[in-house]
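Below is the file entry-v2.csv, which contains CSV, C-alpha atoms.
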```csv
chain,number,residue,atom,x,y,z
A,689,MET,CA,-70.1,42.5,-112.8
A,690,LEU,CA,-73.7,42.2,-111.7
A,691,ALA,CA,-74.5,45.8,-110.8
A,692,THR,CA,-78.3,45.4,-110.7
A,693,LEU,CA,-80.7,42.6,-110.5
A,694,PRO,CA,-84.0,44.1,-111.8
A,695,GLY,CA,-87.1,42.1,-111.3
A,696,LEU,CA,-85.4,39.4,-109.2
A,697,THR,CA,-87.7,36.5,-108.2
A,698,GLU,CA,-87.0,33.4,-106.2
A,699,ASN,CA,-87.0,31.3,-109.3
A,700,ASP,CA,-84.4,33.4,-111.2
A,701,ASN,CA,-81.3,31.5,-112.0
A,702,LEU,CA,-78.9,34.0,-110.6
A,703,PRO,CA,-75.5,33.4,-109.0
A,704,LEU,CA,-76.9,33.8,-105.5
A,705,ILE,CA,-75.9,31.7,-102.6
A,706,ASN,CA,-78.9,30.2,-100.8
A,707,ALA,CA,-78.4,31.2,-97.3
A,708,ARG,CA,-81.8,30.1,-95.9
A,709,PRO,CA,-84.6,28.0,-97.3
A,710,ALA,CA,-86.8,29.9,-99.7
A,711,ARG,CA,-89.9,31.2,-98.0
A,712,ILE,CA,-91.8,33.3,-100.4
A,713,THR,CA,-95.0,34.7,-99.1
A,714,ALA,CA,-97.7,37.0,-100.4
A,715,PRO,CA,-97.3,40.6,-99.1
A,716,SER,CA,-99.1,41.1,-95.8
A,717,GLU,CA,-102.1,43.4,-95.6
A,718,ASN,CA,-99.8,46.1,-94.1
A,719,PHE,CA,-97.6,46.3,-97.1
A,720,LYS,CA,-99.8,45.5,-100.0
A,721,HIS,CA,-100.3,49.2,-100.9
A,722,MET,CA,-96.9,50.4,-99.8
A,723,SER,CA,-95.0,52.2,-102.4
A,724,GLN,CA,-91.4,51.2,-102.8
A,725,LEU,CA,-88.9,53.1,-100.7
A,726,LYS,CA,-85.1,53.3,-100.9
A,727,LYS,CA,-82.7,55.0,-98.5
A,728,SER,CA,-78.9,55.2,-98.9
A,729,PHE,CA,-76.2,56.0,-96.4
A,730,HIS,CA,-72.6,57.0,-97.1
A,731,ILE,CA,-70.0,54.8,-95.2
A,732,LYS,CA,-66.6,56.3,-94.8
A,733,SER,CA,-63.6,54.1,-94.8
A,734,ARG,CA,-61.7,53.9,-91.4
A,735,ASP,CA,-64.4,56.0,-89.7
A,736,PHE,CA,-64.7,53.8,-86.6
A,737,ILE,CA,-66.5,56.7,-84.8
A,738,ARG,CA,-69.6,56.7,-87.0
A,739,ALA,CA,-69.5,52.9,-87.8
A,740,GLY,CA,-72.9,51.4,-87.0
A,741,GLU,CA,-74.9,54.6,-87.4
A,742,ALA,CA,-76.3,53.8,-90.8
A,743,SER,CA,-77.5,50.4,-89.5
A,744,ILE,CA,-79.1,52.1,-86.4
A,745,ASN,CA,-80.9,54.4,-88.8
A,746,ILE,CA,-82.1,51.5,-90.9
A,747,GLN,CA,-83.2,49.7,-87.7
A,748,ASN,CA,-85.2,52.7,-86.6
A,749,LEU,CA,-86.7,53.1,-90.1
A,750,LEU,CA,-87.9,49.5,-90.2
A,751,LYS,CA,-89.2,49.7,-86.6
A,752,SER,CA,-91.3,52.8,-87.6
A,753,MET,CA,-92.7,50.7,-90.4
A,754,ASP,CA,-93.8,48.1,-88.0
A,755,PHE,CA,-91.9,45.1,-89.5
A,756,ASP,CA,-91.5,41.9,-87.6
A,757,PRO,CA,-88.8,42.3,-84.9
A,758,SER,CA,-86.9,39.2,-85.8
A,759,LEU,CA,-86.7,40.4,-89.4
A,760,ILE,CA,-85.4,43.8,-88.2
A,761,ARG,CA,-82.8,42.0,-86.1
A,762,ARG,CA,-81.5,40.0,-89.0
A,763,VAL,CA,-81.3,43.1,-91.2
A,764,ALA,CA,-79.5,45.0,-88.4
A,765,ILE,CA,-76.9,42.3,-88.1
A,766,CYS,CA,-76.3,42.3,-91.8
A,767,GLY,CA,-76.1,46.1,-91.9
A,768,TYR,CA,-73.6,46.3,-89.1
A,769,GLU,CA,-71.4,43.6,-90.6
A,770,SER,CA,-71.6,45.4,-94.0
A,771,GLU,CA,-70.6,48.7,-92.5
A,772,MET,CA,-67.7,47.2,-90.5
A,773,ASN,CA,-66.4,45.4,-93.6
A,774,VAL,CA,-66.3,48.8,-95.5
A,775,VAL,CA,-64.8,50.7,-92.5
A,776,MET,CA,-62.1,48.1,-92.0
A,777,HIS,CA,-61.3,46.9,-95.5
A,778,GLY,CA,-63.1,48.9,-98.1
A,779,GLY,CA,-62.7,52.3,-99.6
A,780,ASP,CA,-65.7,54.6,-99.1
A,781,GLY,CA,-69.0,52.9,-99.7
A,782,THR,CA,-72.8,53.1,-99.7
A,783,LEU,CA,-75.3,51.1,-97.6
A,784,SER,CA,-78.8,51.1,-98.9
A,785,ILE,CA,-82.1,49.6,-97.8
A,786,GLU,CA,-85.0,49.1,-100.2
A,787,VAL,CA,-88.5,48.2,-99.1
A,788,ASP,CA,-90.5,46.3,-101.6
A,789,SER,CA,-93.9,44.7,-101.3
A,790,ASP,CA,-92.7,41.3,-100.2
A,791,ARG,CA,-89.0,41.7,-99.5
A,792,LEU,CA,-86.3,44.0,-98.1
A,793,ILE,CA,-83.1,44.5,-100.0
A,794,LEU,CA,-80.0,45.5,-98.2
A,795,GLU,CA,-77.0,46.4,-100.4
A,796,ILE,CA,-73.5,47.5,-99.7
A,797,THR,CA,-71.1,48.7,-102.3
A,798,ASP,CA,-67.6,50.1,-101.9
A,799,ASP,CA,-64.7,51.2,-104.0
A,800,GLY,CA,-62.1,49.3,-101.9
A,801,PRO,CA,-59.6,46.7,-102.8
A,802,GLY,CA,-62.1,44.0,-103.6
A,803,ILE,CA,-62.1,40.4,-102.4
A,804,GLU,CA,-59.6,38.2,-104.1
A,805,ASP,CA,-61.2,34.8,-103.2
A,806,ILE,CA,-64.9,35.1,-102.4
A,807,ASP,CA,-65.3,31.4,-101.4
A,808,LEU,CA,-62.5,31.8,-98.9
A,809,ALA,CA,-64.0,35.1,-97.5
A,810,MET,CA,-67.3,33.3,-97.0
A,811,GLN,CA,-65.7,30.8,-94.7
A,812,ALA,CA,-66.2,31.3,-91.0
A,813,GLY,CA,-62.9,32.2,-89.3
A,814,TYR,CA,-61.2,33.6,-92.4
A,815,SER,CA,-60.2,37.2,-91.9
A,816,THR,CA,-57.8,39.8,-93.4
A,817,ALA,CA,-58.2,42.1,-90.4
A,818,ASN,CA,-55.0,43.6,-89.1
A,819,ASP,CA,-53.7,43.6,-85.5
A,820,ASP,CA,-55.4,47.0,-84.6
A,821,HIS,CA,-58.8,45.6,-85.8
A,822,ARG,CA,-58.3,42.4,-83.8
A,823,GLU,CA,-57.4,44.4,-80.7
A,824,MET,CA,-60.8,46.0,-80.9
A,825,GLY,CA,-62.5,42.7,-81.1
A,826,PHE,CA,-63.0,42.6,-84.9
A,827,GLY,CA,-61.4,40.1,-87.3
A,828,ALA,CA,-63.2,37.0,-86.0
A,829,GLY,CA,-63.9,36.1,-89.7
A,830,MET,CA,-67.6,36.1,-89.0
A,831,GLY,CA,-68.7,39.2,-91.1
A,832,LEU,CA,-69.7,37.6,-94.4
A,833,PRO,CA,-70.8,34.3,-92.7
A,834,ASN,CA,-73.1,36.3,-90.4
A,835,MET,CA,-74.5,38.1,-93.4
A,836,LYS,CA,-75.1,34.8,-95.2
A,837,LYS,CA,-76.7,33.2,-92.1
A,838,ASN,CA,-79.1,36.1,-91.5
A,839,SER,CA,-80.3,36.9,-95.0
A,840,ASP,CA,-82.6,34.8,-97.2
A,841,ARG,CA,-80.4,35.4,-100.2
A,842,ILE,CA,-76.9,36.8,-100.6
A,843,GLN,CA,-75.0,37.8,-103.7
A,844,VAL,CA,-71.3,38.8,-103.3
A,845,ASP,CA,-69.8,40.3,-106.4
A,846,SER,CA,-66.2,41.5,-106.2
A,847,LYS,CA,-62.8,41.1,-107.8
A,848,LYS,CA,-59.4,42.3,-106.8
A,849,ASP,CA,-58.9,46.1,-107.1
A,850,ASP,CA,-62.5,46.6,-108.4
A,851,GLY,CA,-64.6,47.2,-105.3
A,852,THR,CA,-67.3,44.9,-103.8
A,853,LEU,CA,-71.1,44.7,-104.0
A,854,VAL,CA,-73.0,42.6,-101.5
A,855,ARG,CA,-76.7,42.3,-101.9
A,856,MET,CA,-78.9,40.6,-99.3
A,857,ILE,CA,-82.6,39.8,-99.7
A,858,PHE,CA,-85.0,39.3,-96.7
A,859,PHE,CA,-88.4,38.0,-97.5
A,860,ILE,CA,-91.1,39.6,-95.5
A,861,PRO,CA,-92.9,37.0,-93.4
A,862,GLU,CA,-96.7,37.0,-93.5
A,863,LYS,CA,-98.4,38.3,-90.4
A,864,GLY,CA,-98.3,35.7,-87.6
A,865,GLU,CA,-95.5,33.8,-89.3
A,866,THR,CA,-92.3,33.6,-87.2
A,867,ASP,CA,-88.8,32.3,-87.8
B,1347,MET,CA,-84.8,42.8,-63.1
B,1348,LEU,CA,-84.1,46.4,-64.2
B,1349,VAL,CA,-80.6,47.7,-65.0
B,1350,LYS,CA,-80.8,50.0,-61.9
B,1351,ASP,CA,-81.6,46.9,-59.7
B,1352,LEU,CA,-78.5,45.2,-61.1
B,1353,VAL,CA,-76.4,48.3,-60.4
B,1354,GLU,CA,-77.7,48.4,-56.8
B,1355,LYS,CA,-77.4,44.7,-56.1
B,1356,PHE,CA,-73.9,44.2,-57.4
B,1357,ASP,CA,-72.6,47.7,-56.7
B,1358,LEU,CA,-71.7,48.4,-60.3
B,1359,ALA,CA,-70.3,51.8,-61.3
B,1360,VAL,CA,-72.5,53.7,-63.9
B,1361,THR,CA,-70.3,55.6,-66.3
B,1362,GLY,CA,-72.8,56.4,-69.1
B,1363,GLY,CA,-76.2,56.0,-70.6
B,1364,LYS,CA,-78.0,56.8,-67.4
B,1365,SER,CA,-81.3,57.4,-69.2
B,1366,GLY,CA,-81.5,53.7,-69.9
B,1367,LEU,CA,-81.3,52.5,-66.3
B,1368,ASP,CA,-85.0,51.5,-66.4
B,1369,ARG,CA,-84.4,49.0,-69.2
B,1370,GLU,CA,-85.2,45.4,-68.3
B,1371,VAL,CA,-82.5,42.8,-68.1
B,1372,THR,CA,-83.8,39.4,-69.2
B,1373,GLU,CA,-80.5,37.7,-70.2
B,1374,GLY,CA,-76.7,37.8,-69.8
B,1375,TYR,CA,-74.0,37.4,-72.5
B,1376,CYS,CA,-70.2,37.4,-72.3
B,1377,GLY,CA,-68.1,38.1,-75.4
B,1378,ASP,CA,-65.2,40.2,-76.6
B,1379,LEU,CA,-65.3,39.4,-80.4
B,1380,LEU,CA,-67.8,41.9,-81.8
B,1381,SER,CA,-69.0,39.8,-84.7
B,1382,GLU,CA,-69.6,36.8,-82.4
B,1383,VAL,CA,-71.6,39.0,-80.0
B,1384,MET,CA,-73.4,40.7,-82.9
B,1385,GLY,CA,-74.5,37.3,-84.3
B,1386,ASN,CA,-75.5,35.6,-81.0
B,1387,ALA,CA,-76.3,38.0,-78.1
B,1388,PRO,CA,-79.9,37.9,-77.1
B,1389,ALA,CA,-82.1,41.0,-76.9
B,1390,GLY,CA,-82.5,42.4,-73.4
B,1391,CYS,CA,-79.1,41.1,-72.2
B,1392,ALA,CA,-76.5,42.6,-69.9
B,1393,TRP,CA,-73.4,42.2,-72.1
B,1394,MET,CA,-70.2,41.6,-70.2
B,1395,THR,CA,-67.1,42.5,-72.2
B,1396,VAL,CA,-63.5,43.8,-71.7
B,1397,GLN,CA,-63.9,46.0,-74.8
B,1398,GLY,CA,-64.3,49.7,-74.0
B,1399,HIS,CA,-64.2,51.4,-77.4
B,1400,GLN,CA,-67.1,53.2,-79.0
B,1401,ASN,CA,-68.1,50.4,-81.4
B,1402,ILE,CA,-69.6,48.4,-78.5
B,1403,VAL,CA,-72.5,50.9,-78.3
B,1404,ALA,CA,-73.7,50.3,-81.9
B,1405,VAL,CA,-73.6,46.5,-81.2
B,1406,ALA,CA,-75.7,47.0,-78.0
B,1407,VAL,CA,-78.2,49.3,-79.8
B,1408,LEU,CA,-78.6,46.9,-82.8
B,1409,ARG,CA,-79.0,43.9,-80.6
B,1410,GLU,CA,-81.4,45.8,-78.4
B,1411,MET,CA,-79.4,45.0,-75.3
B,1412,ALA,CA,-80.3,46.2,-71.8
B,1413,ALA,CA,-76.8,47.3,-70.8
B,1414,ILE,CA,-73.1,46.9,-71.4
B,1415,VAL,CA,-70.9,45.9,-68.4
B,1416,ILE,CA,-67.3,46.6,-68.9
B,1417,THR,CA,-65.4,44.0,-66.9
B,1418,GLY,CA,-61.9,43.2,-65.8
B,1419,GLY,CA,-61.4,46.8,-64.5
B,1420,GLN,CA,-61.2,48.0,-68.1
B,1421,ILE,CA,-62.2,51.7,-68.7
B,1422,PRO,CA,-64.5,52.9,-71.4
B,1423,ASP,CA,-63.2,55.5,-73.8
B,1424,ALA,CA,-64.7,59.0,-73.5
B,1425,GLU,CA,-66.3,58.6,-77.0
B,1426,THR,CA,-68.0,55.4,-75.8
B,1427,ILE,CA,-69.6,57.2,-72.9
B,1428,GLN,CA,-70.7,60.0,-75.1
B,1429,LYS,CA,-72.3,57.6,-77.6
B,1430,ALA,CA,-73.9,55.6,-74.8
B,1431,ASP,CA,-75.5,58.8,-73.4
B,1432,GLN,CA,-76.8,59.6,-76.9
B,1433,GLU,CA,-78.4,56.2,-77.3
B,1434,GLY,CA,-79.5,55.6,-73.7
B,1435,ILE,CA,-77.5,52.4,-73.3
B,1436,PRO,CA,-76.1,52.1,-69.8
B,1437,ILE,CA,-72.4,51.6,-69.5
B,1438,LEU,CA,-71.6,49.8,-66.2
B,1439,GLN,CA,-68.2,48.8,-64.8
B,1440,TRP,CA,-67.3,45.7,-62.8
B,1441,PRO,CA,-63.7,45.4,-61.4
B,1442,ASP,CA,-63.5,41.6,-61.6
B,1443,SER,CA,-63.8,39.1,-64.5
B,1444,SER,CA,-66.9,38.6,-66.7
B,1445,PHE,CA,-67.1,35.0,-65.3
B,1446,SER,CA,-67.4,36.2,-61.7
B,1447,LEU,CA,-70.2,38.6,-62.6
B,1448,ALA,CA,-72.0,36.2,-64.9
B,1449,GLY,CA,-72.1,33.7,-62.1
B,1450,ARG,CA,-73.7,36.2,-59.8
B,1451,LEU,CA,-76.3,37.3,-62.4
B,1452,PHE,CA,-77.2,33.7,-63.1
B,1453,SER,CA,-77.6,33.0,-59.4
B,1454,ALA,CA,-79.8,36.1,-59.1
B,1455,GLY,CA,-82.1,34.6,-61.8
B,1456,VAL,CA,-80.9,36.5,-64.9
B,1457,GLY,CA,-81.2,34.1,-67.9
B,1458,ASN,CA,-81.7,31.2,-65.4
B,1459,PRO,CA,-84.6,29.0,-66.5
B,1460,ALA,CA,-84.7,27.4,-63.0
B,1461,SER,CA,-85.7,30.7,-61.4
B,1462,GLU,CA,-88.7,31.3,-63.6
```
Is it possible to express this structure as structure tokens?
Amino acid sequence: MLATLPGLTENDNLPLINARPARITAPSENFKHMSQLKKSFHIKSRDFIRAGEASINIQNLLKSMDFDPSLIRRVAICGYESEMNVVMHGGDGTLSIEVDSDRLILEITDDGPGIEDIDLAMQAGYSTANDDHREMGFGAGMGLPNMKKNSDRIQVDSKKDDGTLVRMIFFIPEKGETD
Amino acid sequence: MLVKDLVEKFDLAVTGGKSGLDREVTEGYCGDLLSEVMGNAPAGCAWMTVQGHQNIVAVAVLREMAAIVITGGQIPDAETIQKADQEGIPILQWPDSSFSLAGRLFSAGVGNPASE
């Protein structure tokens, strides 16, 4: 179980899935002197009423810090998919955002039933959603694939009956650099 | 085009999020699978969907949409309207299909490169 990844760099040989080409840049002027910040939000299993609120909070936080809009959009998508995975499949969980000098780290952990076959879960179209979820428009099997597509690095760590950790890294583009 | 112009032009019912009627509509998007919409809908769009439950509001906020149009005569849940009011995302209603409204929006220049 890889609970933490201290001092992670792009060159570390870690069991990460490369979702996007590595694009490491020096911290922009805006963030050079920023102290590290971390915020966490509790996500309650089966709470469809509050689902999405943590991601909206994270979106607002990143907007207030003047991050690149396309970066914020990608983090927001990953946050929402993370929340919905916990609401639909997990036990209770925690969604956290960490702001570092050159990257944002979004992490979701839950104490739910775990993912039996991670490779299968990463495949677009594969879903374990039930009929109620599908009726609401969930269960397209795009949650984890969307998270992979929109993050620069993703690590999924889970086993059956032992909860799930998904850690996503987003490199902060230099000023003027766009996707 | 602003959301309120859309409402007037196509005689849409406004059932929630009235504080957002001055948002600008630059695109349109149709979809009922939330993850698909979450992954692909453009910012500033009018999103046409038959889904009326409260989770559509979070999708609209996170994708920075202009408005949600609930189509096919579907009715939004009371919680959806309450959330939309809180977030200032207009909830509009259209009695016919998403296709029929999308065609009208496109003809009116929304998301139509030929009209630029």
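The spacing separating CA of Arg822 in chain A from CA of Leu1380 in chain B amounts to 9.7 Å.
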Shell of 8 Å around range 1403-1419 of chain B, only C-alpha atoms, local chain residues under 3 positions omitted, as a PyMOL selection string: (chain A and resi 739-741+743-744+747+761+764-765+768) or (chain B and resi 1349+1366+1369-1371+1380+1383-1384+1387-1398+1400+1422+1426+1429-1430+1433+1435-1444)
Counting all atoms listed in the file, which residues in chain A sit no more than 12 Å from chain B? For each one, give the nearest pair of atoms and the distance in Å, sorted by chain then residue number, as a tab-separated table.
```
residue	atom	partner	partner_atom	distance
A:Asp735	CA	B:Asn1401	CA	10.7
A:Phe736	CA	B:Asn1401	CA	7.1
A:Ile737	CA	B:Gln1400	CA	6.8
A:Arg738	CA	B:Asn1401	CA	8.6
A:Ala739	CA	B:Asn1401	CA	7.0
A:Gly740	CA	B:Ala1404	CA	5.3
A:Glu741	CA	B:Ala1404	CA	7.1
A:Ala742	CA	B:Ala1404	CA	9.9
A:Ser743	CA	B:Leu1408	CA	7.6
A:Ile744	CA	B:Leu1408	CA	6.3
A:Asn745	CA	B:Leu1408	CA	9.9
A:Ile746	CA	B:Leu1408	CA	10.0
A:Gln747	CA	B:Leu1408	CA	7.3
A:Asn748	CA	B:Leu1408	CA	9.6
A:Lys751	CA	B:Leu1408	CA	11.6
A:Pro757	CA	B:Glu1410	CA	10.5
A:Ser758	CA	B:Ala1389	CA	10.3
A:Ile760	CA	B:Leu1408	CA	9.2
A:Arg761	CA	B:Arg1409	CA	6.9
A:Arg762	CA	B:Gly1385	CA	8.9
A:Val763	CA	B:Leu1408	CA	9.6
A:Ala764	CA	B:Leu1408	CA	6.0
A:Ile765	CA	B:Met1384	CA	6.5
A:Cys766	CA	B:Gly1385	CA	9.2
A:Gly767	CA	B:Leu1408	CA	9.5
A:Tyr768	CA	B:Val1405	CA	7.9
A:Glu769	CA	B:Ser1381	CA	7.4
A:Ser770	CA	B:Ser1381	CA	11.2
A:Glu771	CA	B:Ala1404	CA	11.2
A:Met772	CA	B:Ser1381	CA	9.5
A:Asn773	CA	B:Ser1381	CA	10.8
A:Val775	CA	B:Asn1401	CA	11.6
A:Ala812	CA	B:Glu1382	CA	10.8
A:Gly813	CA	B:Glu1382	CA	10.7
A:Ser815	CA	B:Ser1381	CA	11.7
A:His821	CA	B:Leu1379	CA	10.5
A:Arg822	CA	B:Leu1379	CA	8.3
A:Glu823	CA	B:Gln1397	CA	8.9
A:Met824	CA	B:Gln1397	CA	6.8
A:Gly825	CA	B:Leu1379	CA	4.4
A:Phe826	CA	B:Leu1380	CA	5.8
A:Gly827	CA	B:Leu1379	CA	8.0
A:Ala828	CA	B:Leu1379	CA	6.4
A:Gly829	CA	B:Ser1381	CA	8.0
A:Met830	CA	B:Ser1381	CA	5.8
A:Gly831	CA	B:Ser1381	CA	6.4
A:Leu832	CA	B:Ser1381	CA	10.0
A:Pro833	CA	B:Gly1385	CA	9.7
A:Asn834	CA	B:Gly1385	CA	6.3
A:Met835	CA	B:Gly1385	CA	9.1
A:Lys836	CA	B:Gly1385	CA	11.2
A:Lys837	CA	B:Gly1385	CA	9.1
A:Asn838	CA	B:Gly1385	CA	8.6
```
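We find CA of Thr782 in chain A and CA of Leu853 in chain A to be spaced 9.6 Å apart.
Nearest to Asp790 in chain A of all the residues A:Lys863, A:Phe858, A:Leu750, A:Lys727 is A:Phe858, counting all atoms listed in the file.
Coordinates place CA of Asp1351 in chain B at a distance of 15.2 Å from CA of Gly1363 in chain B.
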Will you model N, CA, C and O atoms for range 751-771 of chain A and pass it back as a PDB file, keeping the file's coordinate frame?
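The file below, rebuild-v2.pdb, is the result:
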```
ATOM      1  N   LYS A 751     -88.363  49.773 -87.799  1.00  0.00           N
ATOM      2  CA  LYS A 751     -89.200  49.700 -86.600  1.00  0.00           C
ATOM      3  C   LYS A 751     -90.431  50.657 -86.835  1.00  0.00           C
ATOM      4  O   LYS A 751     -91.564  50.314 -86.487  1.00  0.00           O
ATOM      5  N   SER A 752     -90.173  51.848 -87.386  1.00  0.00           N
ATOM      6  CA  SER A 752     -91.300  52.800 -87.600  1.00  0.00           C
ATOM      7  C   SER A 752     -92.255  52.283 -88.612  1.00  0.00           C
ATOM      8  O   SER A 752     -93.395  52.723 -88.654  1.00  0.00           O
ATOM      9  N   MET A 753     -91.822  51.321 -89.434  1.00  0.00           N
ATOM     10  CA  MET A 753     -92.700  50.700 -90.400  1.00  0.00           C
ATOM     11  C   MET A 753     -93.366  49.454 -89.923  1.00  0.00           C
ATOM     12  O   MET A 753     -94.056  48.758 -90.676  1.00  0.00           O
ATOM     13  N   ASP A 754     -93.086  49.141 -88.652  1.00  0.00           N
ATOM     14  CA  ASP A 754     -93.800  48.100 -88.000  1.00  0.00           C
ATOM     15  C   ASP A 754     -93.472  46.671 -88.569  1.00  0.00           C
ATOM     16  O   ASP A 754     -94.354  45.814 -88.646  1.00  0.00           O
ATOM     17  N   PHE A 755     -92.231  46.470 -88.992  1.00  0.00           N
ATOM     18  CA  PHE A 755     -91.900  45.100 -89.500  1.00  0.00           C
ATOM     19  C   PHE A 755     -91.647  44.193 -88.308  1.00  0.00           C
ATOM     20  O   PHE A 755     -91.452  44.613 -87.164  1.00  0.00           O
ATOM     21  N   ASP A 756     -91.662  42.914 -88.616  1.00  0.00           N
ATOM     22  CA  ASP A 756     -91.500  41.900 -87.600  1.00  0.00           C
ATOM     23  C   ASP A 756     -90.098  42.056 -86.923  1.00  0.00           C
ATOM     24  O   ASP A 756     -89.073  42.217 -87.596  1.00  0.00           O
ATOM     25  N   PRO A 757     -90.079  42.044 -85.576  1.00  0.00           N
ATOM     26  CA  PRO A 757     -88.800  42.300 -84.900  1.00  0.00           C
ATOM     27  C   PRO A 757     -87.671  41.369 -85.227  1.00  0.00           C
ATOM     28  O   PRO A 757     -86.524  41.790 -85.296  1.00  0.00           O
ATOM     29  N   SER A 758     -87.977  40.098 -85.479  1.00  0.00           N
ATOM     30  CA  SER A 758     -86.900  39.200 -85.800  1.00  0.00           C
ATOM     31  C   SER A 758     -86.318  39.495 -87.200  1.00  0.00           C
ATOM     32  O   SER A 758     -85.123  39.334 -87.457  1.00  0.00           O
ATOM     33  N   LEU A 759     -87.170  39.963 -88.087  1.00  0.00           N
ATOM     34  CA  LEU A 759     -86.700  40.400 -89.400  1.00  0.00           C
ATOM     35  C   LEU A 759     -85.803  41.602 -89.281  1.00  0.00           C
ATOM     36  O   LEU A 759     -84.722  41.663 -89.877  1.00  0.00           O
ATOM     37  N   ILE A 760     -86.226  42.552 -88.457  1.00  0.00           N
ATOM     38  CA  ILE A 760     -85.400  43.800 -88.200  1.00  0.00           C
ATOM     39  C   ILE A 760     -84.069  43.400 -87.650  1.00  0.00           C
ATOM     40  O   ILE A 760     -83.031  43.930 -88.052  1.00  0.00           O
ATOM     41  N   ARG A 761     -84.068  42.466 -86.711  1.00  0.00           N
ATOM     42  CA  ARG A 761     -82.800  42.000 -86.100  1.00  0.00           C
ATOM     43  C   ARG A 761     -81.847  41.470 -87.106  1.00  0.00           C
ATOM     44  O   ARG A 761     -80.661  41.767 -87.101  1.00  0.00           O
ATOM     45  N   ARG A 762     -82.382  40.658 -87.995  1.00  0.00           N
ATOM     46  CA  ARG A 762     -81.500  40.000 -89.000  1.00  0.00           C
ATOM     47  C   ARG A 762     -80.955  41.111 -89.962  1.00  0.00           C
ATOM     48  O   ARG A 762     -79.780  41.068 -90.336  1.00  0.00           O
ATOM     49  N   VAL A 763     -81.793  42.066 -90.346  1.00  0.00           N
ATOM     50  CA  VAL A 763     -81.300  43.100 -91.200  1.00  0.00           C
ATOM     51  C   VAL A 763     -80.250  43.974 -90.502  1.00  0.00           C
ATOM     52  O   VAL A 763     -79.230  44.352 -91.086  1.00  0.00           O
ATOM     53  N   ALA A 764     -80.489  44.220 -89.213  1.00  0.00           N
ATOM     54  CA  ALA A 764     -79.500  45.000 -88.400  1.00  0.00           C
ATOM     55  C   ALA A 764     -78.177  44.365 -88.343  1.00  0.00           C
ATOM     56  O   ALA A 764     -77.144  45.021 -88.487  1.00  0.00           O
ATOM     57  N   ILE A 765     -78.158  43.051 -88.120  1.00  0.00           N
ATOM     58  CA  ILE A 765     -76.900  42.300 -88.100  1.00  0.00           C
ATOM     59  C   ILE A 765     -76.148  42.452 -89.392  1.00  0.00           C
ATOM     60  O   ILE A 765     -74.957  42.769 -89.441  1.00  0.00           O
ATOM     61  N   CYS A 766     -76.888  42.229 -90.471  1.00  0.00           N
ATOM     62  CA  CYS A 766     -76.300  42.300 -91.800  1.00  0.00           C
ATOM     63  C   CYS A 766     -75.776  43.704 -92.116  1.00  0.00           C
ATOM     64  O   CYS A 766     -74.707  43.878 -92.714  1.00  0.00           O
ATOM     65  N   GLY A 767     -76.540  44.698 -91.696  1.00  0.00           N
ATOM     66  CA  GLY A 767     -76.100  46.100 -91.900  1.00  0.00           C
ATOM     67  C   GLY A 767     -74.860  46.414 -91.197  1.00  0.00           C
ATOM     68  O   GLY A 767     -73.930  46.996 -91.758  1.00  0.00           O
ATOM     69  N   TYR A 768     -74.806  46.008 -89.952  1.00  0.00           N
ATOM     70  CA  TYR A 768     -73.600  46.300 -89.100  1.00  0.00           C
ATOM     71  C   TYR A 768     -72.371  45.620 -89.707  1.00  0.00           C
ATOM     72  O   TYR A 768     -71.317  46.244 -89.846  1.00  0.00           O
ATOM     73  N   GLU A 769     -72.512  44.340 -90.047  1.00  0.00           N
ATOM     74  CA  GLU A 769     -71.400  43.600 -90.600  1.00  0.00           C
ATOM     75  C   GLU A 769     -70.922  44.266 -91.924  1.00  0.00           C
ATOM     76  O   GLU A 769     -69.726  44.368 -92.207  1.00  0.00           O
ATOM     77  N   SER A 770     -71.894  44.708 -92.712  1.00  0.00           N
ATOM     78  CA  SER A 770     -71.600  45.400 -94.000  1.00  0.00           C
ATOM     79  C   SER A 770     -70.780  46.645 -93.738  1.00  0.00           C
ATOM     80  O   SER A 770     -69.767  46.907 -94.393  1.00  0.00           O
ATOM     81  N   GLU A 771     -71.271  47.433 -92.784  1.00  0.00           N
ATOM     82  CA  GLU A 771     -70.600  48.700 -92.500  1.00  0.00           C
ATOM     83  C   GLU A 771     -69.159  48.430 -91.997  1.00  0.00           C
ATOM     84  O   GLU A 771     -68.219  49.115 -92.410  1.00  0.00           O
TER      85      GLU A 771
END
```
